[in-house]
Amino acid sequence: MTTPSSRIRTRFAPSPTGFIHLGNIRSALYPWAFARATGGDFILRIEDTDLDRSTQASVDVIIEGMAWLGLDHDEGPFYQMQRMDRYKAVLADLQAAGHVYPCYMSMEELDALRERQMANKEKPRYDGTWRPMPGKTLPSVPEGVKPVLRFKNPLGGVVAWDDKVKGRIEISNDELDDLVIARPDGTPTYNFCVVVDDIDMQITHVIRGDDHVNNTPRQINIFKALGAEPPVYAHLPTVLNEQGEKMSKRNGAKAVTAYRDEGYLPDAMVNYLARLGWSHGDDEIFSRQQFLEWFNLDHLGRSAAQFDEAKLKWVNAQHLKALPDEQLAQRVLPHLAQLGVTADDRLASICGLFKDRCDTLVVLANWIAAFYVDVVPNAEEKAQHVTDAVKPALLALACKLSVCAWDKTTIAAAIKETLTETGLKMPQIAMPVRVLVMGTAQTPSLDAVLALSQREKILARLKNA
Ligand code: GLU
């Protein structure tokens, strides 16, 4: 048994603004995998304090997308908006301990300060006007102005941490000004809430996007002021889209759930996303279980990873091929339902016959549909293969198929006999039959396809040629 303090606890803390895409969900995959690989806990926290931009629809996509990918959480979802009282209580403690002070500087004064600093080629930062110091006289408090609360950042020294991705990072405290941690209406600000949550939820490892690196030194200082040990940090490099830009909804990134609808398997997605910033030697294709056996924070990549849809499709095809037919049959059901197809007990065998030529479940479902609903032969292929010259042979074959036993060997024999009787070569019969039966000439071996089809349907399709 691990004691609570040695147990690894990770979290995924998305902001529900816009639909979660693959770049975001990778920040859920790694903390989930780390918790699972180490027997720890994975916590889901929804950072919904941006009231203007947070939506329930976006929360739904997060929860649905994670459930689909099998990224199950042990605790949560916790919503920051429901924890406001807790943040305010901690803020009051921090204030009582002397780590916080009111600042009455107006927006106009702040703007003027920034302009002066920029004109002097200095980095814009709050200058500590309202920070109490021994022997310092503070300006007189303006009337009717509600102050913000600022955090007393330590003066001098450095904030340092050993980032599991980026290595040692040291930031001089002089670079950090006194952060606003509560607005004039008393609501706490982002960085403060994150720290209170990470403390309360006993997070041991924060694994998140590197767009938060700049927040980390500020958060570490708040941890220390609250008397808490900061967690281990791992800041993941960005995921780029196919054009090499940072993946974002604004430049066309799809919601995670779109990949479910397009027929990707959760295990293939996990495999693909895992490799987008982490490696285990040269292993490209692996199961969820292998991933959890191998995953640790020591092999996270340092450079940005680029999304590649063709590669994702290839990974999906490998997983499709490897899935047992019965399981594949279960997976394809929702996609068949989309096509209005109700399958029967032939489904698993049909999946087995077609799985190595499909890269998504949608492609597979389209093949399967040909066994259950009418197919419209591809016009070009029909013109090419179903010629008047072969039609008598097709009728002859239909005649044999109408009486023979319905299994692959017997069907193969019937096709062979037809070839002998008509003097045609295999493709001259096989191609038109495939076009009529499946809609296209590019199918698995004809006897196998026919054996899985219904005799009546085949006869009707051959006779109507
Ligand atoms: N809510 C932040 C985001 O969605 C993540 C914060 C964190 O992981 O600390 O980018």
# chains A, B, ... in the order shown; residues from 1 in each chain; ligands from 1

$ residues_near_ligand --ligand "ligand 1" --cutoff "7 Å" --atoms "only C-alpha atoms and all ligand atoms" --output "compact mmCIF listing (two decimals) with C-alpha atoms, in the first residue's frame"
# COMPACT_ATOMS: atom_id res chain seq x y z
CA PHE A 12 -6.34 17.47 -16.32
CA ALA A 13 -7.63 21.01 -15.93
CA PRO A 14 -9.20 22.18 -19.19
CA SER A 15 -10.92 25.50 -19.66
CA GLU A 47 -11.51 25.64 -15.07
CA VAL A 194 -5.02 26.87 -9.76
CA VAL A 206 1.35 18.87 -13.01
CA ILE A 207 1.59 17.82 -16.64
CA ARG A 208 0.29 20.55 -18.93
CA GLY A 209 0.92 22.56 -22.08
CA HIS A 212 1.67 27.76 -18.86

$ residues_around --residues "Asn251 in chain A" --least-positions-apart "5" --cutoff "9 Å" --atoms "only C-alpha atoms" --output "CSV table (one decimal) with N, CA and C atoms, in the first residue's frame"
chain,number,residue,atom,x,y,z
A,241,ASN,N,-0.4,21.9,-36.2
A,241,ASN,CA,-1.3,21.3,-37.2
A,241,ASN,C,-0.5,21.0,-38.4
A,245,GLU,N,1.2,25.3,-37.9
A,245,GLU,CA,0.8,26.4,-36.9
A,245,GLU,C,0.4,25.7,-35.6
A,246,LYS,N,0.4,26.4,-34.5
A,246,LYS,CA,-0.1,25.9,-33.3
A,246,LYS,C,-1.6,25.4,-33.5

$ residues_around --residues "Met426 in chain A" --least-positions-apart "2" --cutoff "12 Å" --atoms "only C-alpha atoms" --output "PyMOL selection string"
chain A and resi 390+393+412+415-420+422-424+428-434+445-447

$ atom_distance --atom1 "CA of Glu75 in chain A" --atom2 "CA of Leu44 in chain A"
6.4 Å

$ closest_atom_pairs --of "range 119-225 of chain A" --to "range 288-307 of chain A" --cutoff "9 Å" --atoms "only C-alpha atoms" --output "JSON lines"
{"residue": "A:Lys164", "atom": "CA", "partner": "A:Leu297", "partner_atom": "CA", "distance": 6.4}
{"residue": "A:Val165", "atom": "CA", "partner": "A:Arg302", "partner_atom": "CA", "distance": 6.1}
{"residue": "A:Lys166", "atom": "CA", "partner": "A:Arg302", "partner_atom": "CA", "distance": 6.6}

$ atom_distance --atom1 "CA of Lys382 in chain A" --atom2 "CA of Leu364 in chain A"
22.1 Å

$ residues_around --residues "Gly98 in chain A" --least-positions-apart "2" --cutoff "12 Å" --atoms "only C-alpha atoms" --output "VMD selection string"
chain A and resid 91 to 96 100 to 102 131 to 133 149 to 153 225 to 226

$ atom_distance --atom1 "CA of Thr49 in chain A" --atom2 "CA of Asn24 in chain A"
18.1 Å

$ residues_around --residues "Met201 in chain A" --least-positions-apart "6" --cutoff "9 Å" --atoms "only C-alpha atoms" --output "PyMOL selection string"
chain A and resi 9+11+43

$ write_last_selection --atoms "N, CA and C atoms" --output "mmCIF file, in the first residue's frame"
data_model
loop_
_atom_site.group_PDB
_atom_site.id
_atom_site.type_symbol
_atom_site.label_atom_id
_atom_site.label_comp_id
_atom_site.auth_asym_id
_atom_site.auth_seq_id
_atom_site.Cartn_x
_atom_site.Cartn_y
_atom_site.Cartn_z
ATOM 1 N N ARG A 9 -0.613 11.711 -7.887
ATOM 2 C CA ARG A 9 -1.924 12.289 -8.228
ATOM 3 C C ARG A 9 -1.729 13.335 -9.317
ATOM 4 N N ARG A 11 -3.640 15.615 -12.705
ATOM 5 C CA ARG A 11 -4.953 16.178 -13.069
ATOM 6 C C ARG A 11 -4.930 16.694 -14.499
ATOM 7 N N ILE A 43 -7.356 13.196 -11.728
ATOM 8 C CA ILE A 43 -8.453 14.084 -11.324
ATOM 9 C C ILE A 43 -8.849 14.998 -12.472
#

$ closest_residue --among "A:Pro147, A:Gly128, A:Gly340, A:Pro237" --to "Asp185 in chain A" --atoms "only C-alpha atoms"
A:Pro147

$ residues_around --residues "Arg331 in chain A" --least-positions-apart "3" --cutoff "12 Å" --atoms "only C-alpha atoms" --output "list of chain:residue names"
A:Trp68, A:Arg260, A:Asp261, A:Gly263, A:Tyr264, A:Leu265, A:Pro266, A:Asp267, A:Leu320, A:Leu323, A:Pro324, A:Asp325, A:Glu326, A:Gln327, A:Leu328, A:Pro334, A:His335, A:Leu336, A:Ala337, A:Leu347, A:Ala348, A:Cys351, A:Thr360, A:Leu361, A:Val362, A:Leu364, A:Ala365

$ write_last_selection --atoms "C-alpha atoms" --output "PDB file, in the first residue's frame"
ATOM      1  CA  TRP A  68     -14.664   7.746 -25.614  1.00  0.00           C
ATOM      2  CA  ARG A 260     -15.109   9.099 -33.063  1.00  0.00           C
ATOM      3  CA  ASP A 261     -17.734   9.997 -35.654  1.00  0.00           C
ATOM      4  CA  GLY A 263     -14.576   5.970 -37.390  1.00  0.00           C
ATOM      5  CA  TYR A 264     -11.351   6.042 -35.406  1.00  0.00           C
ATOM      6  CA  LEU A 265     -10.782   3.498 -32.641  1.00  0.00           C
ATOM      7  CA  PRO A 266     -10.066   4.870 -29.155  1.00  0.00           C
ATOM      8  CA  ASP A 267      -7.003   2.632 -28.796  1.00  0.00           C
ATOM      9  CA  LEU A 320      -8.502  -2.178 -36.998  1.00  0.00           C
ATOM     10  CA  LEU A 323      -8.902  -6.258 -33.534  1.00  0.00           C
ATOM     11  CA  PRO A 324     -10.698  -9.630 -33.228  1.00  0.00           C
ATOM     12  CA  ASP A 325     -13.654  -9.840 -35.625  1.00  0.00           C
ATOM     13  CA  GLU A 326     -16.277 -10.019 -32.878  1.00  0.00           C
ATOM     14  CA  GLN A 327     -14.965  -6.869 -31.223  1.00  0.00           C
ATOM     15  CA  LEU A 328     -14.746  -5.074 -34.527  1.00  0.00           C
ATOM     16  CA  PRO A 334     -22.994   2.714 -34.483  1.00  0.00           C
ATOM     17  CA  HIS A 335     -21.634   3.463 -37.934  1.00  0.00           C
ATOM     18  CA  LEU A 336     -23.947   0.888 -39.491  1.00  0.00           C
ATOM     19  CA  ALA A 337     -26.844   2.470 -37.645  1.00  0.00           C
ATOM     20  CA  LEU A 347     -21.353  -9.348 -39.308  1.00  0.00           C
ATOM     21  CA  ALA A 348     -18.208 -10.589 -37.561  1.00  0.00           C
ATOM     22  CA  CYS A 351     -15.620  -7.608 -40.676  1.00  0.00           C
ATOM     23  CA  THR A 360     -11.659   3.712 -40.504  1.00  0.00           C
ATOM     24  CA  LEU A 361     -14.845   2.144 -39.180  1.00  0.00           C
ATOM     25  CA  VAL A 362     -16.800   4.350 -41.572  1.00  0.00           C
ATOM     26  CA  LEU A 364     -15.718  -0.676 -43.075  1.00  0.00           C
ATOM     27  CA  ALA A 365     -19.383   0.166 -42.491  1.00  0.00           C
TER      28      ALA A 365
END

$ residues_around --residues "Gly439 in chain A" --least-positions-apart "3" --cutoff "6 Å" --atoms "only C-alpha atoms" --output "list in words"
Val375, Val376, Pro377, Asn378, Val435 and Leu436 of chain A

$ closest_residue --among "A:Tyr272, A:Pro31, A:Glu109, A:Thr440" --to "Glu380 in chain A" --atoms "only C-alpha atoms"
A:Thr440

$ decode --residues "range 277-303 of chain A" --atoms "N, CA and C atoms" --output "PDB file, in the first residue's frame"
ATOM      1  N   GLY A 277       4.730  13.233 -28.940  1.00  0.00           N
ATOM      2  CA  GLY A 277       5.392  13.926 -27.833  1.00  0.00           C
ATOM      3  C   GLY A 277       5.985  12.988 -26.797  1.00  0.00           C
ATOM      4  N   TRP A 278       6.002  11.706 -27.108  1.00  0.00           N
ATOM      5  CA  TRP A 278       6.593  10.724 -26.200  1.00  0.00           C
ATOM      6  C   TRP A 278       7.030   9.546 -27.052  1.00  0.00           C
ATOM      7  N   SER A 279       8.052   8.832 -26.629  1.00  0.00           N
ATOM      8  CA  SER A 279       8.464   7.686 -27.431  1.00  0.00           C
ATOM      9  C   SER A 279       8.924   6.540 -26.548  1.00  0.00           C
ATOM     10  N   HIS A 280       8.825   5.357 -27.114  1.00  0.00           N
ATOM     11  CA  HIS A 280       9.371   4.160 -26.487  1.00  0.00           C
ATOM     12  C   HIS A 280      10.181   3.495 -27.587  1.00  0.00           C
ATOM     13  N   GLY A 281      11.444   3.855 -27.663  1.00  0.00           N
ATOM     14  CA  GLY A 281      12.290   3.376 -28.763  1.00  0.00           C
ATOM     15  C   GLY A 281      11.644   3.722 -30.090  1.00  0.00           C
ATOM     16  N   ASP A 282      11.616   2.742 -30.994  1.00  0.00           N
ATOM     17  CA  ASP A 282      11.031   2.982 -32.310  1.00  0.00           C
ATOM     18  C   ASP A 282       9.619   2.426 -32.404  1.00  0.00           C
ATOM     19  N   ASP A 283       9.045   2.041 -31.284  1.00  0.00           N
ATOM     20  CA  ASP A 283       7.712   1.423 -31.336  1.00  0.00           C
ATOM     21  C   ASP A 283       6.668   2.415 -31.844  1.00  0.00           C
ATOM     22  N   GLU A 284       5.994   2.023 -32.907  1.00  0.00           N
ATOM     23  CA  GLU A 284       4.976   2.890 -33.512  1.00  0.00           C
ATOM     24  C   GLU A 284       3.569   2.430 -33.149  1.00  0.00           C
ATOM     25  N   ILE A 285       3.387   1.106 -33.149  1.00  0.00           N
ATOM     26  CA  ILE A 285       2.048   0.559 -32.905  1.00  0.00           C
ATOM     27  C   ILE A 285       2.085  -0.201 -31.589  1.00  0.00           C
ATOM     28  N   PHE A 286       1.228   0.203 -30.669  1.00  0.00           N
ATOM     29  CA  PHE A 286       1.179  -0.504 -29.396  1.00  0.00           C
ATOM     30  C   PHE A 286      -0.221  -0.414 -28.814  1.00  0.00           C
ATOM     31  N   SER A 287      -0.490  -1.320 -27.910  1.00  0.00           N
ATOM     32  CA  SER A 287      -1.808  -1.367 -27.285  1.00  0.00           C
ATOM     33  C   SER A 287      -1.833  -0.385 -26.112  1.00  0.00           C
ATOM     34  N   ARG A 288      -3.029  -0.133 -25.638  1.00  0.00           N
ATOM     35  CA  ARG A 288      -3.211   0.723 -24.467  1.00  0.00           C
ATOM     36  C   ARG A 288      -2.424   0.155 -23.278  1.00  0.00           C
ATOM     37  N   GLN A 289      -2.480  -1.173 -23.146  1.00  0.00           N
ATOM     38  CA  GLN A 289      -1.807  -1.812 -22.017  1.00  0.00           C
ATOM     39  C   GLN A 289      -0.288  -1.641 -22.105  1.00  0.00           C
ATOM     40  N   GLN A 290       0.251  -1.831 -23.314  1.00  0.00           N
ATOM     41  CA  GLN A 290       1.695  -1.639 -23.488  1.00  0.00           C
ATOM     42  C   GLN A 290       2.074  -0.194 -23.168  1.00  0.00           C
ATOM     43  N   PHE A 291       1.259   0.722 -23.660  1.00  0.00           N
ATOM     44  CA  PHE A 291       1.530   2.136 -23.399  1.00  0.00           C
ATOM     45  C   PHE A 291       1.625   2.382 -21.895  1.00  0.00           C
ATOM     46  N   LEU A 292       0.679   1.839 -21.150  1.00  0.00           N
ATOM     47  CA  LEU A 292       0.695   2.067 -19.701  1.00  0.00           C
ATOM     48  C   LEU A 292       1.885   1.365 -19.031  1.00  0.00           C
ATOM     49  N   GLU A 293       2.309   0.251 -19.612  1.00  0.00           N
ATOM     50  CA  GLU A 293       3.492  -0.405 -19.054  1.00  0.00           C
ATOM     51  C   GLU A 293       4.741   0.431 -19.294  1.00  0.00           C
ATOM     52  N   TRP A 294       4.780   1.092 -20.443  1.00  0.00           N
ATOM     53  CA  TRP A 294       6.000   1.797 -20.842  1.00  0.00           C
ATOM     54  C   TRP A 294       6.052   3.252 -20.391  1.00  0.00           C
ATOM     55  N   PHE A 295       4.891   3.857 -20.157  1.00  0.00           N
ATOM     56  CA  PHE A 295       4.888   5.317 -20.001  1.00  0.00           C
ATOM     57  C   PHE A 295       5.582   5.787 -18.728  1.00  0.00           C
ATOM     58  N   ASN A 296       6.430   6.767 -18.893  1.00  0.00           N
ATOM     59  CA  ASN A 296       6.955   7.517 -17.745  1.00  0.00           C
ATOM     60  C   ASN A 296       7.272   8.924 -18.235  1.00  0.00           C
ATOM     61  N   LEU A 297       7.687   9.769 -17.321  1.00  0.00           N
ATOM     62  CA  LEU A 297       7.904  11.171 -17.709  1.00  0.00           C
ATOM     63  C   LEU A 297       9.315  11.401 -18.253  1.00  0.00           C
ATOM     64  N   ASP A 298      10.099  10.326 -18.360  1.00  0.00           N
ATOM     65  CA  ASP A 298      11.489  10.504 -18.784  1.00  0.00           C
ATOM     66  C   ASP A 298      11.675  10.525 -20.294  1.00  0.00           C
ATOM     67  N   HIS A 299      10.657  10.129 -21.022  1.00  0.00           N
ATOM     68  CA  HIS A 299      10.830  10.095 -22.479  1.00  0.00           C
ATOM     69  C   HIS A 299       9.849  11.010 -23.198  1.00  0.00           C
ATOM     70  N   LEU A 300       9.545  12.120 -22.555  1.00  0.00           N
ATOM     71  CA  LEU A 300       8.692  13.112 -23.212  1.00  0.00           C
ATOM     72  C   LEU A 300       9.569  13.922 -24.158  1.00  0.00           C
ATOM     73  N   GLY A 301       9.029  14.201 -25.340  1.00  0.00           N
ATOM     74  CA  GLY A 301       9.811  14.942 -26.341  1.00  0.00           C
ATOM     75  C   GLY A 301       9.917  16.415 -25.989  1.00  0.00           C
ATOM     76  N   ARG A 302      11.008  17.017 -26.428  1.00  0.00           N
ATOM     77  CA  ARG A 302      11.218  18.429 -26.113  1.00  0.00           C
ATOM     78  C   ARG A 302      10.741  19.361 -27.214  1.00  0.00           C
ATOM     79  N   SER A 303      10.605  18.817 -28.416  1.00  0.00           N
ATOM     80  CA  SER A 303      10.227  19.739 -29.497  1.00  0.00           C
ATOM     81  C   SER A 303       8.772  19.531 -29.894  1.00  0.00           C
TER      82      SER A 303
END
